[in-house]
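Enquirer: Below you'll find the structure I mean.
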Amino acid sequence: MSQAYRYIRWFNQLSIQDIPLVGGKNASLGEMYRALAGEGIRVPNGFAITAEAYRYLLDQAGAWPRLHELLDDVDADDVADLARRAQQARELVYAAPLPADLQVEINAAFAELQCEYGADMSVAVRSSATAEDLPNASFAGQQDTYLNIRGGQSLLDACKRCFASLFTDRAIHYRIDQGFDHFKVALSIGIMKMVRSDLAASGVMFSLDTESGFKDAVFITGAYGLGENVVQGAVDPDEFYVHKPTFAQGYRAVLRRNLGAKKIKMVYSDGSTREPVRNIATANDERRRFCISDSEVLELADYAIKIERHYGRPMDMEWAKDGLDGRLYIVQARPETVASQRSGNVLEQYRLLGQGPVVARGHAVGSKIAAGKARVIAGVAQLSSFKPGEVLIADMTTPDWEPVMKTAAAIVTNRGGRTCHAAIIARELGVPAVIGCENATTAIASGSEVTVSCAEGDAGKVYQGRVEFEVLRTDLAQMRRPKTKIMLNLGNPELAFKHSFLPNDGVGLARMEFIITEYIKAHPLALIHPERVLDAYELQQLNQLTEGYAKAEEFFIQRLAEGVATIAAAFYPKPVVVRMSDFKTNEYSTLLGGRWFEQDEPNPMIGFRGASRYVHPAYAEGFALECAAMKRVRETMGLSNLILMIPFCRRLDEAEKVLVAMAGHGLKRGDNGLEIYVMCEIPNNVILIDEFAKLFDGFSIGSNDLTQLTLGVDRDSEIVANDFDERDPGVKTMIRLAVEGARRNGRHSGLCGQAPSDYPEMAEYLVEIGIDSMSLNPDTVLATTQRVLALEQRLGR
């Protein structure tokens, strides 16, 4: 760039040290443009109008005394007065004429940028406050951005509007909350070549999981068109996760995907209005597919990991894909300011104690629960009616609403994704939010009592009425680890990242059934043989489920692999033991299309289940899909901490046949370190444990089935339910013999049944007989760990 400027700095002249000169956003853009291009990270070129230009503008206009009058004694909690003063401050700044020499510099720099990109180039005009994007305060969305600006008077006007936006209601309120002096904060403007994402896609990504704070994942959201819709929460975006440790080892796989609704997209205006951009409906075929490919997800993850490494901290980034050159660009990066700031030593767990009708569902933001009176707000004009402690219900919340959001017990919206500004602000405020419900403003009545729960996984729920809940806080810094391994029972992948923060030694039982029921919903054989499904409605549902997949079988494999991989990634590199499917015939028949492939059994509990299904012609094809999914998790996704487990294996020859079948599907015991365990839940497993030990690497004692079959009690029968007790001396003897047999053969022994979660004395018995591990429900881990530690101390271990 040839010309010398007083108030202009090009991106290649800036570094992160220049925040006082050009604000956080521009300093970061300059840092990346200058320092990360060599690592393959693309940032569109541009220039910053310095904060000194902002001061020069107001000096020349003599605006400072009037701004002091407006702002020195402003009451941030008086919404109406704040709005009035903010509007007057903006009008004052907007009315200040741009000094002639500043106009000349802006136009000259814009002309230089045109020389690089062509005369038809348009730019984004973005605010960059000198107190913005700091490590402990995000200032997300506090000032304004103007897109598709094409130079001349429209560029100068956008710059004036940008300067004035330092005094939006939300920015004034936020500065007061954060303790920033209005007159020590200045505004720089970034003028950057527009990435033509109006013709492609754009979004937001974080180098950690925003809800749990799990740092080993990159979380990417995206939608078609310009990125403002994702940022502002006007659209429900696609979501993607990538696991950083396995990515670093060279594995290139998307960990998990979630298809968003993406109902609208922001594109360049057609010239029929004065607005440079507009929203249009997204075509149905676009809505039904992901806005970017897997290879593009992985390229963005690579960017995120490199940017995080460069800055040395978790980052919040905006990305855009150019529809003309097909390339991906980073258009903003700032420190992530919420999840990364949490104390790692105090574990806070919210838990519902009751139930109620669910009136709305959406994306959970945070992991808290709150209750209060609902207040439906249709627009800014109604904000003054909102009372502190109420639950804010809205179509979408913009950062303008932040003064009210701060006083809300919880926030519920129709629109938005988990990386929109409203979600960011809710996280920063520590307020639970359920985003993207679609029907919240119609399903929830103003004045009604509701309970907002974000403590049940990715899906946030709004319950009718007040539902009791509790909050458990534990100081993990004081907790030692026992010699007996304490593992988790887990089925829901949505809870995996959150539960990984519990003190644990891995997952002793990951249930495949939950993933199949919730994420696949269909019987595997109905996907393979739709011609055998003789119901038109069921066939239609199967077709809808598998739309967008080359084969219905791929739908099953991918969804199962993603669910299991999410659990394996959450606890990596600790062991995660996944049990192959253990549905009974009556449970399989309730899956979509299942009734055409399952027979009625008088007692399915001891019928066609577990290992017997895997090698039987009636289910062998389904088992092959399960194996394909597990092979993908271990070999394509690199999660070699996954241990496979065979349930309800009655006889030795059955075990041998299952292992042969697994090897035929690419899962040979010992290859690539693969361990295969067997459930020890049938008396024959205990009686022949020395023989079973020759075939398997470990035993997981299923105390529920072992109790049932030792005592001859059908645990589904209410009549004899009182006779079902894991503490019976006969059952305890069977468990002891299993533990001793495993130890005798150098095999792992664990217990994954309900007993140690329900009965403290059973946990103590397991420690006394020297079991290697016990796998517990997450809500009993802390209490049981403390009991085990105390017992081990008494036993002198």
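Here's how to read the names in the structure tokens: chain A, B, ... by the order shown, residue numbers from 1 in each chain, ligand numbers from 1 in the order shown.
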Which residues are close to A:Val404, i.e. within 8 Å by only C-alpha atoms, leaving aside same-chain residues fewer than 6 positions away? Reply as a PyMOL selection string.
Expert: chain A and resi 383+386+388
Enquirer: Only N, CA and C atoms, please: the residues just picked out, written as a PDB file, in the first residue's frame.
Expert:
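Saved to selection11.pdb:
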ATOM      1  N   LEU A 383     -40.517  -3.835  26.519  1.00  0.00           N
ATOM      2  CA  LEU A 383     -39.507  -4.246  27.502  1.00  0.00           C
ATOM      3  C   LEU A 383     -39.743  -3.623  28.882  1.00  0.00           C
ATOM      4  N   PHE A 386     -41.418  -5.677  31.606  1.00  0.00           N
ATOM      5  CA  PHE A 386     -40.750  -6.872  32.155  1.00  0.00           C
ATOM      6  C   PHE A 386     -40.290  -6.604  33.585  1.00  0.00           C
ATOM      7  N   PRO A 388     -38.039  -7.903  36.989  1.00  0.00           N
ATOM      8  CA  PRO A 388     -36.913  -8.776  37.367  1.00  0.00           C
ATOM      9  C   PRO A 388     -37.407 -10.093  37.967  1.00  0.00           C
TER      10      PRO A 388
END
Enquirer: Using Å and a single decimal, report how far atom CA of A:Glu39 sits from atom CA of A:Gly323.
Expert: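 For atom CA of A:Gly323 relative to atom CA of A:Glu39, the distance reads 22.5 Å.
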Enquirer: Take atom CA of A:Pro482 and atom CA of A:Gly213 and report the distance between them in Å, one decimal.
Expert: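 Going from atom CA of A:Pro482 over to atom CA of A:Gly213 covers 25.6 Å.
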Enquirer: Within 9 Å of A:Lys406, counting only C-alpha atoms, which residues qualify if same-chain residues fewer than 4 places away don't, as a list in words?
Expert: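 That gives Pro388, Trp401, Glu402, Ile425, Ala426, Leu429 and Val431 of chain A.
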Enquirer: Now that the selection is made, can you save its residues with N, CA, C and O atoms as a PDB file, in the first residue's frame?
Expert:
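And here's again-v8.pdb as it stands now:
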ATOM      1  N   PRO A 388     -38.039  -7.903  36.989  1.00  0.00           N
ATOM      2  CA  PRO A 388     -36.913  -8.776  37.367  1.00  0.00           C
ATOM      3  C   PRO A 388     -37.407 -10.093  37.967  1.00  0.00           C
ATOM      4  O   PRO A 388     -38.393 -10.112  38.712  1.00  0.00           O
ATOM      5  N   TRP A 401     -31.616  -5.902  23.976  1.00  0.00           N
ATOM      6  CA  TRP A 401     -32.437  -6.313  25.113  1.00  0.00           C
ATOM      7  C   TRP A 401     -31.601  -6.648  26.348  1.00  0.00           C
ATOM      8  O   TRP A 401     -32.127  -7.049  27.367  1.00  0.00           O
ATOM      9  N   GLU A 402     -30.297  -6.515  26.250  1.00  0.00           N
ATOM     10  CA  GLU A 402     -29.398  -6.979  27.313  1.00  0.00           C
ATOM     11  C   GLU A 402     -29.731  -6.405  28.684  1.00  0.00           C
ATOM     12  O   GLU A 402     -29.663  -7.126  29.686  1.00  0.00           O
ATOM     13  N   ILE A 425     -24.707 -13.786  25.297  1.00  0.00           N
ATOM     14  CA  ILE A 425     -25.014 -12.896  26.424  1.00  0.00           C
ATOM     15  C   ILE A 425     -25.615 -13.695  27.579  1.00  0.00           C
ATOM     16  O   ILE A 425     -25.271 -13.497  28.745  1.00  0.00           O
ATOM     17  N   ALA A 426     -26.527 -14.630  27.266  1.00  0.00           N
ATOM     18  CA  ALA A 426     -27.136 -15.454  28.314  1.00  0.00           C
ATOM     19  C   ALA A 426     -26.071 -16.235  29.079  1.00  0.00           C
ATOM     20  O   ALA A 426     -26.097 -16.309  30.312  1.00  0.00           O
ATOM     21  N   LEU A 429     -24.101 -13.912  31.303  1.00  0.00           N
ATOM     22  CA  LEU A 429     -24.881 -13.513  32.470  1.00  0.00           C
ATOM     23  C   LEU A 429     -25.145 -14.692  33.410  1.00  0.00           C
ATOM     24  O   LEU A 429     -25.608 -14.494  34.536  1.00  0.00           O
ATOM     25  N   VAL A 431     -27.406 -17.010  32.823  1.00  0.00           N
ATOM     26  CA  VAL A 431     -28.859 -17.209  32.800  1.00  0.00           C
ATOM     27  C   VAL A 431     -29.178 -18.389  31.878  1.00  0.00           C
ATOM     28  O   VAL A 431     -28.733 -18.403  30.734  1.00  0.00           O
TER      29      VAL A 431
END
Enquirer: Could you pull the residues within 12 Å of A:Ala119, counting only C-alpha atoms, minus those fewer than 3 positions along the same chain, as a short mmCIF file (atom, residue, chain, number, x, y, z; two decimals) with all heavy atoms, in the first residue's frame?
Expert:
data_model
loop_
_atom_site.label_atom_id
_atom_site.label_comp_id
_atom_site.auth_asym_id
_atom_site.auth_seq_id
_atom_site.Cartn_x
_atom_site.Cartn_y
_atom_site.Cartn_z
N PHE A 110 -10.06 3.16 0.37
CA PHE A 110 -11.05 2.32 -0.32
C PHE A 110 -10.65 2.09 -1.78
O PHE A 110 -10.76 0.97 -2.30
CB PHE A 110 -12.43 2.98 -0.25
CG PHE A 110 -13.52 2.17 -0.90
CD1 PHE A 110 -14.09 1.09 -0.25
CD2 PHE A 110 -13.97 2.47 -2.18
CE1 PHE A 110 -15.09 0.34 -0.86
CE2 PHE A 110 -14.96 1.71 -2.79
CZ PHE A 110 -15.52 0.64 -2.12
N ALA A 111 -10.14 3.13 -2.42
CA ALA A 111 -9.71 3.01 -3.82
C ALA A 111 -8.54 2.03 -3.94
O ALA A 111 -8.45 1.25 -4.90
CB ALA A 111 -9.32 4.38 -4.37
N GLU A 112 -7.63 2.06 -2.96
CA GLU A 112 -6.51 1.10 -2.97
C GLU A 112 -7.02 -0.34 -2.83
O GLU A 112 -6.51 -1.26 -3.46
CB GLU A 112 -5.54 1.41 -1.82
CG GLU A 112 -4.65 2.63 -2.08
CD GLU A 112 -3.43 2.62 -1.16
OE1 GLU A 112 -2.75 1.57 -1.10
OE2 GLU A 112 -3.17 3.64 -0.51
N LEU A 113 -8.03 -0.52 -1.97
CA LEU A 113 -8.59 -1.86 -1.78
C LEU A 113 -9.27 -2.33 -3.08
O LEU A 113 -9.18 -3.51 -3.44
CB LEU A 113 -9.59 -1.84 -0.62
CG LEU A 113 -9.92 -3.19 0.05
CD1 LEU A 113 -8.67 -3.86 0.60
CD2 LEU A 113 -10.95 -3.00 1.16
N GLN A 114 -9.90 -1.40 -3.79
CA GLN A 114 -10.50 -1.74 -5.09
C GLN A 114 -9.44 -2.19 -6.09
O GLN A 114 -9.69 -3.07 -6.91
CB GLN A 114 -11.25 -0.53 -5.66
CG GLN A 114 -12.64 -0.32 -5.06
CD GLN A 114 -13.34 0.85 -5.72
OE1 GLN A 114 -12.75 1.93 -5.84
NE2 GLN A 114 -14.58 0.65 -6.12
N CYS A 115 -8.26 -1.58 -6.01
CA CYS A 115 -7.18 -1.99 -6.91
C CYS A 115 -6.82 -3.45 -6.70
O CYS A 115 -6.45 -4.17 -7.64
CB CYS A 115 -5.94 -1.11 -6.70
SG CYS A 115 -6.15 0.57 -7.30
N GLU A 116 -6.91 -3.90 -5.44
CA GLU A 116 -6.58 -5.30 -5.13
C GLU A 116 -7.69 -6.25 -5.54
O GLU A 116 -7.43 -7.34 -6.06
CB GLU A 116 -6.31 -5.45 -3.62
CG GLU A 116 -5.94 -6.87 -3.22
CD GLU A 116 -5.59 -7.01 -1.74
OE1 GLU A 116 -5.49 -5.98 -1.04
OE2 GLU A 116 -5.43 -8.15 -1.29
N SER A 122 -17.46 -4.93 -2.84
CA SER A 122 -18.18 -4.27 -1.75
C SER A 122 -17.48 -4.62 -0.44
O SER A 122 -16.68 -5.56 -0.38
CB SER A 122 -19.65 -4.72 -1.71
OG SER A 122 -19.74 -6.09 -1.38
N VAL A 123 -17.77 -3.83 0.60
CA VAL A 123 -17.06 -4.02 1.87
C VAL A 123 -18.06 -4.17 3.02
O VAL A 123 -19.22 -3.76 2.92
CB VAL A 123 -16.10 -2.84 2.18
CG1 VAL A 123 -14.95 -2.82 1.20
CG2 VAL A 123 -16.84 -1.51 2.19
N ARG A 150 -20.73 -0.14 -1.00
CA ARG A 150 -20.00 -0.08 -2.27
C ARG A 150 -19.24 1.22 -2.50
O ARG A 150 -18.93 1.57 -3.64
CB ARG A 150 -20.97 -0.32 -3.43
CG ARG A 150 -21.58 -1.71 -3.37
CD ARG A 150 -22.30 -2.13 -4.61
NE ARG A 150 -22.61 -3.56 -4.54
CZ ARG A 150 -21.80 -4.52 -4.96
NH1 ARG A 150 -20.64 -4.22 -5.51
NH2 ARG A 150 -22.14 -5.79 -4.86
N GLY A 151 -18.89 1.93 -1.46
CA GLY A 151 -18.05 3.12 -1.62
C GLY A 151 -18.84 4.39 -1.74
O GLY A 151 -20.07 4.42 -1.59
N LYS A 193 -12.94 -6.24 2.81
CA LYS A 193 -13.55 -6.78 1.60
C LYS A 193 -14.61 -7.82 1.97
O LYS A 193 -14.36 -8.72 2.76
CB LYS A 193 -12.45 -7.41 0.74
CG LYS A 193 -12.93 -7.83 -0.65
CD LYS A 193 -13.16 -9.33 -0.72
CE LYS A 193 -13.63 -9.71 -2.13
NZ LYS A 193 -14.10 -11.11 -2.19
#
Enquirer: Could you check which of A:Ile735, A:Ala95, A:Met194, A:Met580 is closest to A:Leu324, using only C-alpha atoms?
Expert: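 Among the listed residues, the smallest separation from A:Leu324 belongs to A:Met194.
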Enquirer: Excluding A:Ile769 and any residue of its chain fewer than 2 positions from it, enumerate the residues within 8 Å of it, using only C-alpha atoms, and give them as a ChimeraX atom specification.
Expert: /A:736,739,765-767,771
Enquirer: Kindly give the distance, in Å, that separates atom CA of A:Phe167 and atom CA of A:Trp64, rounded to a single decimal.
Expert: 13.1 Å
Enquirer: Give the answer as one residue: which of A:Gly548, A:Val204, A:Ala360, A:Thr441 has the shortest atom-to-atom distance to A:Arg287, using only C-alpha atoms?
Expert: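 Closest residue, counting only C-alpha atoms: A:Gly548.
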Enquirer: Which residues, written as a PyMOL selection string, have at least one atom at most 12 Å from A:Phe699, with only C-alpha atoms counted and residues fewer than 4 positions away on the same chain left out?
Expert: chain A and resi 508-509+577+579+643-649+675-682+685-686+689-690+692-695+703+735+737-743+745-752+771-774
Enquirer: Could you save the residues just selected, with N, CA and C atoms, as a compact mmCIF listing (two decimals), in the first residue's frame?
Expert:
# COMPACT_ATOMS: atom_id res chain seq x y z
N GLY A 508 -17.88 -47.19 32.03
CA GLY A 508 -17.93 -48.65 32.15
C GLY A 508 -19.07 -49.27 31.37
N LEU A 509 -20.08 -48.44 31.04
CA LEU A 509 -21.21 -48.94 30.26
C LEU A 509 -21.80 -47.79 29.45
N VAL A 577 -16.39 -48.28 27.47
CA VAL A 577 -16.89 -49.62 27.13
C VAL A 577 -18.29 -49.47 26.57
N ARG A 579 -21.57 -51.24 24.99
CA ARG A 579 -22.25 -52.53 24.88
C ARG A 579 -22.98 -52.59 23.54
N ILE A 643 -13.80 -49.72 23.85
CA ILE A 643 -13.80 -51.16 24.12
C ILE A 643 -15.20 -51.67 23.81
N LEU A 644 -15.30 -52.79 23.10
CA LEU A 644 -16.61 -53.34 22.76
C LEU A 644 -17.00 -54.43 23.74
N MET A 645 -18.30 -54.53 23.99
CA MET A 645 -18.77 -55.51 24.99
C MET A 645 -19.98 -56.27 24.46
N ILE A 646 -19.96 -57.60 24.66
CA ILE A 646 -21.03 -58.48 24.18
C ILE A 646 -21.96 -58.79 25.34
N PRO A 647 -23.26 -58.47 25.21
CA PRO A 647 -24.20 -58.76 26.29
C PRO A 647 -24.87 -60.12 26.14
N PHE A 648 -25.33 -60.66 27.25
CA PHE A 648 -26.18 -61.85 27.33
C PHE A 648 -25.65 -62.98 26.44
N CYS A 649 -24.38 -63.31 26.71
CA CYS A 649 -23.72 -64.38 25.95
C CYS A 649 -23.86 -65.68 26.75
N GLU A 675 -9.92 -54.33 22.41
CA GLU A 675 -10.32 -55.23 23.49
C GLU A 675 -11.81 -55.49 23.38
N ILE A 676 -12.20 -56.73 23.65
CA ILE A 676 -13.62 -57.09 23.66
C ILE A 676 -13.94 -57.72 25.01
N TYR A 677 -14.90 -57.13 25.71
CA TYR A 677 -15.37 -57.63 26.99
C TYR A 677 -16.65 -58.43 26.76
N VAL A 678 -17.05 -59.16 27.80
CA VAL A 678 -18.33 -59.86 27.78
C VAL A 678 -19.08 -59.49 29.06
N MET A 679 -20.38 -59.33 28.95
CA MET A 679 -21.19 -59.14 30.15
C MET A 679 -21.21 -60.46 30.93
N CYS A 680 -20.97 -60.37 32.21
CA CYS A 680 -21.05 -61.54 33.09
C CYS A 680 -22.38 -61.40 33.84
N GLU A 681 -23.45 -61.95 33.25
CA GLU A 681 -24.79 -61.69 33.80
C GLU A 681 -25.67 -62.94 33.79
N ILE A 682 -25.07 -64.07 33.36
CA ILE A 682 -25.78 -65.35 33.33
C ILE A 682 -24.97 -66.30 34.21
N ASN A 685 -21.90 -67.83 32.82
CA ASN A 685 -20.68 -67.02 32.66
C ASN A 685 -19.77 -67.16 33.88
N VAL A 686 -20.38 -67.29 35.05
CA VAL A 686 -19.60 -67.43 36.28
C VAL A 686 -19.06 -68.85 36.40
N ILE A 689 -16.18 -69.36 33.95
CA ILE A 689 -15.43 -68.11 33.76
C ILE A 689 -14.01 -68.36 33.25
N ASP A 690 -13.40 -69.45 33.63
CA ASP A 690 -12.05 -69.73 33.14
C ASP A 690 -12.04 -69.94 31.63
N PHE A 692 -14.50 -68.71 29.48
CA PHE A 692 -14.86 -67.42 28.86
C PHE A 692 -13.65 -66.47 28.86
N ALA A 693 -12.80 -66.59 29.88
CA ALA A 693 -11.63 -65.70 29.99
C ALA A 693 -10.63 -65.94 28.85
N LYS A 694 -10.68 -67.12 28.22
CA LYS A 694 -9.79 -67.38 27.08
C LYS A 694 -10.25 -66.62 25.83
N LEU A 695 -11.52 -66.21 25.82
CA LEU A 695 -12.09 -65.58 24.63
C LEU A 695 -12.20 -64.06 24.74
N SER A 703 -25.33 -56.72 37.25
CA SER A 703 -25.96 -57.22 38.48
C SER A 703 -27.48 -57.37 38.33
N ILE A 735 -21.19 -62.84 42.41
CA ILE A 735 -20.34 -61.70 42.06
C ILE A 735 -18.91 -61.94 42.52
N LEU A 737 -17.40 -64.82 43.03
CA LEU A 737 -16.77 -65.85 42.21
C LEU A 737 -16.35 -65.29 40.85
N ALA A 738 -17.15 -64.38 40.31
CA ALA A 738 -16.80 -63.76 39.03
C ALA A 738 -15.55 -62.90 39.16
N VAL A 739 -15.47 -62.09 40.23
CA VAL A 739 -14.30 -61.23 40.45
C VAL A 739 -13.05 -62.08 40.66
N GLU A 740 -13.17 -63.13 41.47
CA GLU A 740 -12.02 -64.01 41.71
C GLU A 740 -11.59 -64.71 40.43
N GLY A 741 -12.55 -65.15 39.61
CA GLY A 741 -12.23 -65.84 38.36
C GLY A 741 -11.53 -64.91 37.38
N ALA A 742 -11.99 -63.68 37.29
CA ALA A 742 -11.34 -62.70 36.40
C ALA A 742 -9.91 -62.45 36.85
N ARG A 743 -9.73 -62.26 38.15
CA ARG A 743 -8.37 -62.01 38.68
C ARG A 743 -7.47 -63.20 38.43
N ASN A 745 -7.50 -65.18 36.05
CA ASN A 745 -7.14 -65.28 34.63
C ASN A 745 -6.52 -64.00 34.07
N GLY A 746 -6.22 -63.05 34.95
CA GLY A 746 -5.60 -61.81 34.49
C GLY A 746 -6.52 -60.96 33.63
N ARG A 747 -7.82 -61.03 33.91
CA ARG A 747 -8.80 -60.27 33.13
C ARG A 747 -9.41 -59.17 33.99
N HIS A 748 -9.85 -58.10 33.32
CA HIS A 748 -10.50 -56.99 34.02
C HIS A 748 -11.85 -57.44 34.58
N SER A 749 -12.17 -56.96 35.79
CA SER A 749 -13.51 -57.20 36.35
C SER A 749 -14.13 -55.85 36.73
N GLY A 750 -15.37 -55.69 36.33
CA GLY A 750 -16.11 -54.48 36.70
C GLY A 750 -17.56 -54.84 36.92
N LEU A 751 -18.30 -53.92 37.51
CA LEU A 751 -19.73 -54.12 37.67
C LEU A 751 -20.43 -52.88 37.16
N CYS A 752 -21.46 -53.08 36.31
CA CYS A 752 -22.12 -51.94 35.69
C CYS A 752 -23.62 -51.93 35.96
N ILE A 771 -12.84 -55.84 43.44
CA ILE A 771 -13.23 -55.62 42.04
C ILE A 771 -12.37 -54.50 41.45
N ASP A 772 -12.07 -54.58 40.14
CA ASP A 772 -11.23 -53.55 39.51
C ASP A 772 -11.96 -52.23 39.34
N SER A 773 -13.25 -52.29 38.96
CA SER A 773 -13.98 -51.05 38.72
C SER A 773 -15.45 -51.25 39.00
N MET A 774 -16.12 -50.16 39.29
CA MET A 774 -17.59 -50.17 39.31
C MET A 774 -18.06 -48.98 38.50
Enquirer: For A:Gly30, please output as a PyMOL selection string all residues within 12 Å (counting only C-alpha atoms; exclusion window: fewer than 3 positions along the same chain).
Expert: chain A and resi 9-19+21-27+33-37+42-48+190-192+330-333
Enquirer: Atoms to include: C-alpha atoms. Write the selected residues as a PDB file, in the first residue's frame.
Expert:
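Writing done, so here's part-v3.pdb:
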ATOM      1  CA  ARG A   9      -3.914   1.417   9.273  1.00  0.00           C
ATOM      2  CA  TRP A  10      -3.897  -1.550   6.879  1.00  0.00           C
ATOM      3  CA  PHE A  11      -4.366  -5.020   8.357  1.00  0.00           C
ATOM      4  CA  ASN A  12      -0.761  -5.927   7.559  1.00  0.00           C
ATOM      5  CA  GLN A  13       0.368  -3.017   9.777  1.00  0.00           C
ATOM      6  CA  LEU A  14      -1.568  -4.195  12.844  1.00  0.00           C
ATOM      7  CA  SER A  15      -1.022  -6.686  15.660  1.00  0.00           C
ATOM      8  CA  ILE A  16      -2.919  -7.716  18.782  1.00  0.00           C
ATOM      9  CA  GLN A  17      -0.888  -5.071  20.649  1.00  0.00           C
ATOM     10  CA  ASP A  18      -2.802  -2.344  18.794  1.00  0.00           C
ATOM     11  CA  ILE A  19      -6.117  -2.584  20.695  1.00  0.00           C
ATOM     12  CA  LEU A  21      -5.318   2.225  18.463  1.00  0.00           C
ATOM     13  CA  VAL A  22      -7.872   0.162  16.495  1.00  0.00           C
ATOM     14  CA  GLY A  23      -9.933  -1.820  19.034  1.00  0.00           C
ATOM     15  CA  GLY A  24     -10.093  -5.553  19.691  1.00  0.00           C
ATOM     16  CA  LYS A  25     -11.751  -6.658  16.459  1.00  0.00           C
ATOM     17  CA  ASN A  26      -9.398  -4.822  14.105  1.00  0.00           C
ATOM     18  CA  ALA A  27      -6.304  -5.668  16.146  1.00  0.00           C
ATOM     19  CA  TYR A  33      -3.771 -11.346   8.456  1.00  0.00           C
ATOM     20  CA  ARG A  34      -0.135 -10.667   9.272  1.00  0.00           C
ATOM     21  CA  ALA A  35       0.858 -13.699  11.360  1.00  0.00           C
ATOM     22  CA  LEU A  36      -1.342 -16.612  10.264  1.00  0.00           C
ATOM     23  CA  ALA A  37      -1.445 -16.345   6.474  1.00  0.00           C
ATOM     24  CA  ARG A  42      -7.353 -16.735   4.931  1.00  0.00           C
ATOM     25  CA  VAL A  43      -8.467 -13.315   6.178  1.00  0.00           C
ATOM     26  CA  PRO A  44      -9.906 -10.816   3.647  1.00  0.00           C
ATOM     27  CA  ASN A  45      -7.774  -7.698   3.365  1.00  0.00           C
ATOM     28  CA  GLY A  46      -8.931  -4.361   4.670  1.00  0.00           C
ATOM     29  CA  PHE A  47      -8.017  -1.360   6.768  1.00  0.00           C
ATOM     30  CA  ALA A  48      -8.907   0.201  10.099  1.00  0.00           C
ATOM     31  CA  GLY A 190     -12.853  -1.947  10.192  1.00  0.00           C
ATOM     32  CA  ILE A 191     -13.428  -1.775   6.448  1.00  0.00           C
ATOM     33  CA  MET A 192     -12.960  -5.246   5.011  1.00  0.00           C
ATOM     34  CA  ILE A 330     -12.026 -16.013   8.922  1.00  0.00           C
ATOM     35  CA  VAL A 331     -13.658 -12.619   9.406  1.00  0.00           C
ATOM     36  CA  GLN A 332     -13.327 -12.271  13.181  1.00  0.00           C
ATOM     37  CA  ALA A 333     -11.619 -13.929  16.157  1.00  0.00           C
TER      38      ALA A 333
END
Enquirer: My list of candidates is A:Glu468, A:Glu562, A:Asp294, A:Glu336. Which is closest to A:Arg634 when distances are computed with only C-alpha atoms?
Expert: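 Ranking A:Glu468, A:Glu562, A:Asp294, A:Glu336 by distance to A:Arg634, first place goes to A:Glu562.
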Enquirer: With distances taken over only C-alpha atoms, which residue among A:Gly179, A:Gly753, A:Gly664, A:Gly730 lies nearest A:Asn704?
Expert: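 Result for the nearest residue to A:Asn704: A:Gly753.
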